[in-house]
Protein chains: 2
Amino acid sequence: MSTAHLSCKVVFQPSGKTRLVPFETTISQAAALAGLAIHNPCGGQGTCGKCRVIVHSGDCPPSSHCREILTARQLERGARLACKCQIQSDAVVEIPFESLIDQPDNKILTAGESQAVEVSPAVYKRFFNLPAPTSEDDISDLERLARELDLPLFAHLPVLRELPGFLRENAFSGTALLRNGDQLLGLEAGDTEDTCYGVAFDIGTTTLVGTLIHLPSGQEKHVVARMNPQIPVGDDVITRIQATRQTPPKLAEMRKAIIGTVNEILAELAAGEGISIESIYEIVLAGNTTMQHILCGVSPAALGEVPFPPVFRRGLALAAADLGVTVNPKGVVFVFPNIGGFVGGDTVAGILAASLDTADKPVVLVDIGTNGEIVLAHDGGLMATSTAAGPAFEGARITHGMRAADGAIEKIWFADGDVRMRTVGDEAPVGLCGTALIDLTAVLLDLGVVDITGRILEDGELPESLPEAVRKRIIRDEAGVPSFALAFPEQTTSGEGVLLFQRDLRELQLASGAIRAGVSIMIRQAGLTVDDISEVLLAGAFGNYIRRENACRIGLLPDLPVERIRFIGNAASGGAKMALLSGATRKRAEAFAGKVEHIDLSSDPDFQMEFGMAMMFPGEEF
Amino acid sequence: MSTAHLSCKVVFQPSGKTRLVPFETTISQAAALAGLAIHNPCGGQGTCGKCRVIVHSGDCPPSSHCREILTARQLERGARLACKCQIQSDAVVEIPFESLIDQPDNKILTAGESQAVEVSPAVYKRFFNLPAPTSEDDISDLERLARELDLPLFAHLPVLRELPGFLRENAFSGTALLRNGDQLLGLEAGDTEDTCYGVAFDIGTTTLVGTLIHLPSGQEKHVVARMNPQIPVGDDVITRIQATRQTPPKLAEMRKAIIGTVNEILAELAAGEGISIESIYEIVLAGNTTMQHILCGVSPAALGEVPFPPVFRRGLALAAADLGVTVNPKGVVFVFPNIGGFVGGDTVAGILAASLDTADKPVVLVDIGTNGEIVLAHDGGLMATSTAAGPAFEGARITHGMRAADGAIEKIWFADGDVRMRTVGDEAPVGLCGTALIDLTAVLLDLGVVDITGRILEDGELPESLPEAVRKRIIRDEAGVPSFALAFPEQTTSGEGVLLFQRDLRELQLASGAIRAGVSIMIRQAGLTVDDISEVLLAGAFGNYIRRENACRIGLLPDLPVERIRFIGNAASGGAKMALLSGATRKRAEAFAGKVEHIDLSSDPDFQMEFGMAMMFPGEEF
């Protein structure tokens, strides 16, 4: 029988891409058919060795070129030149990182709007099956493993102590847990390559979000969010910094609290996926500078005083045990690099997620959280600043504000003579979340209930055209303090209703004004105008759900066409996920983080005036 | 008054070399006068910047070249181009490592016979006085320190946690403890640059030797030796390896014992110098592969079984706390790289001490200890082996053997009709040390009391010419077992005398034969003959005191002219000291250790015959 009609099933690792190819297809061709491009600088002549792959199973005999370019040991371990070797059976072929061309087709999108990264995590596992020592081959245990994995391995003392017993109890076979291609973190019996998870954390001032990711595939498995347990100390970073200045033991207390919550999230993620917490090997943390200092137990006290210098700027590679996070005992942690005192790892992660470091037109990134971080990319450079927006957008400091949980009013619009709304889970309204706060303010501005200074008008000042149903929602307490009722007290189980008070509008004005002033100053300092900005990217846990028209209506952003505004979701989480999935991306972040120009808004002579003006709602339509 | 006649006193750091120079001498010239050569690739044109130095005090204004080559901040911190700047007052000038030409004149000899190394320890301190943060200069604390020290610093979490408080409590001034030019190990208030000690350890199977060194000057301060506390488990490495195989908890027990003795030596060294144990910041450990495994708590079990593979080969940089050695809590440890299962860090240290890696003629190094290590350098390559000599030379397994302590007979010769001897401290004889054992054997061979097979002759076989005094020393017990009395029972407080028994001679034959067979096989495997060997270097704690003629007389070494034999003292200690004093030398050791050819004597087909023949004493003179 002719074999020429046979098809061979080829599985490419680590992507898992699978393809049926004709008998005797070269590995390079098979990879191309699977959508993977292998380096080929010599044009497939078999002379450069840049297309080296590893055949884990299947018939794929070495060509004469292989014998010239590869060592006998490499050949024994399955190394082949992809351009010259033909597939003659079903096969499993690993394309090492360095042989793969980084092209869009190779990329696996992480969930959300973050950029594509090639899945090549800093922490990963490799199954091995070592030849036992012989008199001709008596190298050390660690070198034997390093040779097999083709990595320049080192190991800390505990792993070194474990190594000889492990190898001999497991017939010199098992799975190595590796970091950065040179550190042996641990050893596991059997083939556990696939049991390898990581968690990307966005450590917000108000909210912590953890995303569980299956590292070998890059698949996002679960997301868990929790409130930051430091909120009782203060709902913004300034208050927390001041707490550590006045009462130094507060640092340890806050650290313990946040690590505790991180651990709760980890446990919940593991339970949700039905995996052991020991299957999590790395966590990546991206937070603002203060949060990153506190969770590392490094005092943020100096961030409470001009000129607000951080203690560390570069990213930190830590042992999970040293930080107190409960993952696999051999697990590790990466803390994002900071940019400056108030522009932290979350912003670096955001820049990654938005690919701002490679932007070719002026782009503004606004990450709306308790700290509003603003990044402007232009002319190959990056400028970044932060502005204390306060937690209004996250529902805090708003009388009936809440996070987007069940019963939170998340969208408000005007139709058929009344204010309409939608709640999370279509439950009875319990409170108001940030997006609805913006919607409502825009509606009230349009209806003439609120003027450009943010004042709820007196009955006599209201437009006559105001529908009766809306008019009835403006209620006043005994002291005459006005509020706008989305749900009347008797409609809610709390008996308080869901009301928007005058002071809530003031909080919104502060938050919105801080961000708008920051964006305006950044654009001006860069010598640009709003018209030069090709795109404004809105990020933040809540940014995803903002109605762009309403954001423009309340003046959250400078006046620019709505179509130039794009949402990129939780950019800090997105960037953290990218860093979890790609050691190279992590290095890229380290590289650009040191070069971002850190703008101190408060030192801009026009800041106060800009801020004051930005607190006013746009008034043309009124 | 003309200033031209003034002399300026210039102190160069870190060497401390001081020189009076004429007013307006350039820094380069002043350094040359002080015996220090500064790089000068552009020929003193002020254009290459390779002669950068730092003026810590004194008048030495920057030249126009400085302003072009150096940044304003570098100038502020005292950086100058040595070729272009003139000294106008007494001054303190630091020549950074990279600006100094590594020439013999720059070298400071470590004590003993080890090679000269430039004093540039991996662990060192630098005093700093940082500018406080300002709005224009708001970089992170760690970067501020790194910038001042001109080093790419990183720090582990505990130091990072300490940093911000330390800087602010100490007006941004203090002393940084550094490792390898990039790691910030710790911080100390005030200027403690000079309080910085290290200890070099030779971890022998039988003896541990620690040498206290003042790191900034390279001066050797004290030496303390102790017996290896693992001796009760077994007096050679094989017994100890077998113990861990049969009773795994023995590993922890032996580790605890040896670390305990290391700590005792450290305490004794500190007390001897009148310094705090906290003034010791680094220890360097060089021992054979088994000892290095055990003291790291890494099982040497595999070293007890063909093909004897070690667990690790490369050197280890550890935290002192992780190893359990009591020095400064921020202190660190360097464990020498190994070569193979039975050729360890002590041999690597010996190669360093003897500069064998740069030998240009065939040279043999024999390190005589419980394991005899033999290295052959030829044609730019290195071969190494070890041979189980046993502890005879260190006084063990010899009935009345002892170390070279008070009362040990250390030298024996024949004169005026009797055997003469000298004891350590000129005390009454207590026992026999290794050197005297060789002397005595040589004397007994010459006198015809012992034949070439090592047998003490019967009365009837003794030469008639044997002086009566000597004849009387040959005594026999009730069973007729002969011994040779150096001190008769009634002459010693023990009542046992100091006797050489037949079985002691057998131990000596085993030890001597193992070494001689090893040397012979190495030379043969290299394709050389004894005549090709330009030099035999004898090392070992006891090697220093051997009488070369007697060593040749008993056949410890192949037959070659005595003048080609040279003693280099405790080479393992010497190499450990070099590694302690020079980070570059440590790297050199790492580099060549991986390339030494590891010879397994037992796999040589002629080993048994060579060994058997080498156990016979040379007989020509008999």
# chains A, B, ... in the order shown; residues from 1 in each chain; ligands from 1

call {"tool": "select_by_dssp", "arguments": {"residues": "segment 311-528 of chain A", "states": "strand (DSSP E)", "output": "PyMOL selection string"}}
result
chain A and resi 316-319+332-335+363-367+372-378+381-387+408-415+418-423+431-432+474-476+482-487+498-501

call {"tool": "interface_residues", "arguments": {"of": "chain B", "to": "chain A", "cutoff": "10 Å", "atoms": "only C-alpha atoms", "output": "PyMOL selection string"}}
result
chain B and resi 132-144+154-165+168+293-294+296-302+306-319+322-323+338-341+598+600+603

call {"tool": "atom_distance", "arguments": {"atom1": "atom CA of Ala392 of chain A", "atom2": "atom CA of Gly210 of chain A"}}
result
22.1 Å

call {"tool": "residues_around", "arguments": {"residues": "segment 418-431 of chain B", "least_positions_apart": "5", "cutoff": "6 Å", "atoms": "only C-alpha atoms", "output": "ChimeraX atom specification"}}
result
/B:400-402,406-413,469-470,498

call {"tool": "atom_distance", "arguments": {"atom1": "atom CA of Ser386 of chain B", "atom2": "atom CA of Gly575 of chain B"}}
result
17.9 Å

call {"tool": "atom_distance", "arguments": {"atom1": "atom CA of Ala388 of chain B", "atom2": "atom CA of Glu549 of chain B"}}
result
23.3 Å

call {"tool": "select_by_dssp", "arguments": {"residues": "segment 363-507 of chain A", "states": "alpha helix (DSSP H)", "output": "count of residues only"}}
result
26

call {"tool": "closest_residue", "arguments": {"among": "B:Lys577, B:Arg553, B:Arg548, B:Arg73", "to": "Val209 of chain B", "atoms": "only C-alpha atoms"}}
result
B:Lys577

call {"tool": "residues_around", "arguments": {"residues": "segment 37-52 of chain B", "least_positions_apart": "5", "cutoff": "6 Å", "atoms": "only C-alpha atoms", "output": "list in words"}}
result
Ala32, His65, Arg80, Leu81, Ala82, Cys83, Ser99, Leu100 and Ile101 of chain B

call {"tool": "decode", "arguments": {"residues": "segment 195-258 of chain A", "atoms": "C-alpha atoms", "output": "mmCIF file, in the first residue's frame"}}
result
data_model
loop_
_atom_site.group_PDB
_atom_site.id
_atom_site.type_symbol
_atom_site.label_atom_id
_atom_site.label_comp_id
_atom_site.auth_asym_id
_atom_site.auth_seq_id
_atom_site.Cartn_x
_atom_site.Cartn_y
_atom_site.Cartn_z
ATOM 1 C CA THR A 195 -1.874 21.417 35.819
ATOM 2 C CA CYS A 196 -0.494 24.916 35.926
ATOM 3 C CA TYR A 197 -2.561 27.974 36.755
ATOM 4 C CA GLY A 198 -1.823 31.590 37.425
ATOM 5 C CA VAL A 199 -3.882 34.481 38.727
ATOM 6 C CA ALA A 200 -3.712 38.061 37.449
ATOM 7 C CA PHE A 201 -4.734 40.624 40.059
ATOM 8 C CA ASP A 202 -5.898 44.169 39.612
ATOM 9 C CA ILE A 203 -5.354 45.639 43.056
ATOM 10 C CA GLY A 204 -7.597 48.674 43.041
ATOM 11 C CA THR A 205 -8.025 51.189 45.824
ATOM 12 C CA THR A 206 -11.649 50.118 46.108
ATOM 13 C CA THR A 207 -11.867 46.784 44.325
ATOM 14 C CA LEU A 208 -9.606 43.755 43.931
ATOM 15 C CA VAL A 209 -10.141 41.610 40.844
ATOM 16 C CA GLY A 210 -8.463 38.239 40.370
ATOM 17 C CA THR A 211 -8.557 36.298 37.114
ATOM 18 C CA LEU A 212 -7.648 32.617 37.079
ATOM 19 C CA ILE A 213 -5.783 31.582 33.958
ATOM 20 C CA HIS A 214 -4.755 28.154 32.747
ATOM 21 C CA LEU A 215 -1.169 28.978 31.854
ATOM 22 C CA PRO A 216 -0.382 26.317 29.224
ATOM 23 C CA SER A 217 -3.353 27.323 27.070
ATOM 24 C CA GLY A 218 -3.723 30.942 28.119
ATOM 25 C CA GLN A 219 -7.402 30.327 28.762
ATOM 26 C CA GLU A 220 -9.187 32.551 31.224
ATOM 27 C CA LYS A 221 -11.179 30.407 33.639
ATOM 28 C CA HIS A 222 -12.780 32.521 36.357
ATOM 29 C CA VAL A 223 -12.925 36.045 37.680
ATOM 30 C CA VAL A 224 -13.564 36.979 41.302
ATOM 31 C CA ALA A 225 -13.858 40.529 42.641
ATOM 32 C CA ARG A 226 -13.832 41.682 46.244
ATOM 33 C CA MET A 227 -13.891 45.024 47.992
ATOM 34 C CA ASN A 228 -10.491 46.243 49.164
ATOM 35 C CA PRO A 229 -10.481 45.476 52.912
ATOM 36 C CA GLN A 230 -8.478 48.656 53.548
ATOM 37 C CA ILE A 231 -11.561 50.774 52.890
ATOM 38 C CA PRO A 232 -12.337 51.056 56.628
ATOM 39 C CA VAL A 233 -8.967 52.809 57.028
ATOM 40 C CA GLY A 234 -9.839 55.257 54.289
ATOM 41 C CA ASP A 235 -11.482 55.113 50.910
ATOM 42 C CA ASP A 236 -8.665 56.757 49.013
ATOM 43 C CA VAL A 237 -4.928 56.196 49.005
ATOM 44 C CA ILE A 238 -4.139 59.534 50.674
ATOM 45 C CA THR A 239 -6.073 58.598 53.791
ATOM 46 C CA ARG A 240 -4.333 55.223 53.939
ATOM 47 C CA ILE A 241 -0.908 56.796 53.498
ATOM 48 C CA GLN A 242 -1.692 59.265 56.267
ATOM 49 C CA ALA A 243 -2.770 56.378 58.487
ATOM 50 C CA THR A 244 0.674 54.765 58.135
ATOM 51 C CA ARG A 245 2.305 58.097 58.921
ATOM 52 C CA GLN A 246 0.278 58.675 62.050
ATOM 53 C CA THR A 247 0.095 55.068 63.227
ATOM 54 C CA PRO A 248 2.942 53.038 61.726
ATOM 55 C CA PRO A 249 1.491 49.643 62.820
ATOM 56 C CA LYS A 250 -1.394 50.388 60.437
ATOM 57 C CA LEU A 251 0.916 49.322 57.620
ATOM 58 C CA ALA A 252 1.171 45.749 58.885
ATOM 59 C CA GLU A 253 -2.550 45.725 59.582
ATOM 60 C CA MET A 254 -3.483 46.909 56.106
ATOM 61 C CA ARG A 255 -0.983 44.532 54.553
ATOM 62 C CA LYS A 256 -2.454 41.609 56.425
ATOM 63 C CA ALA A 257 -5.951 42.635 55.409
ATOM 64 C CA ILE A 258 -5.195 42.916 51.708
#
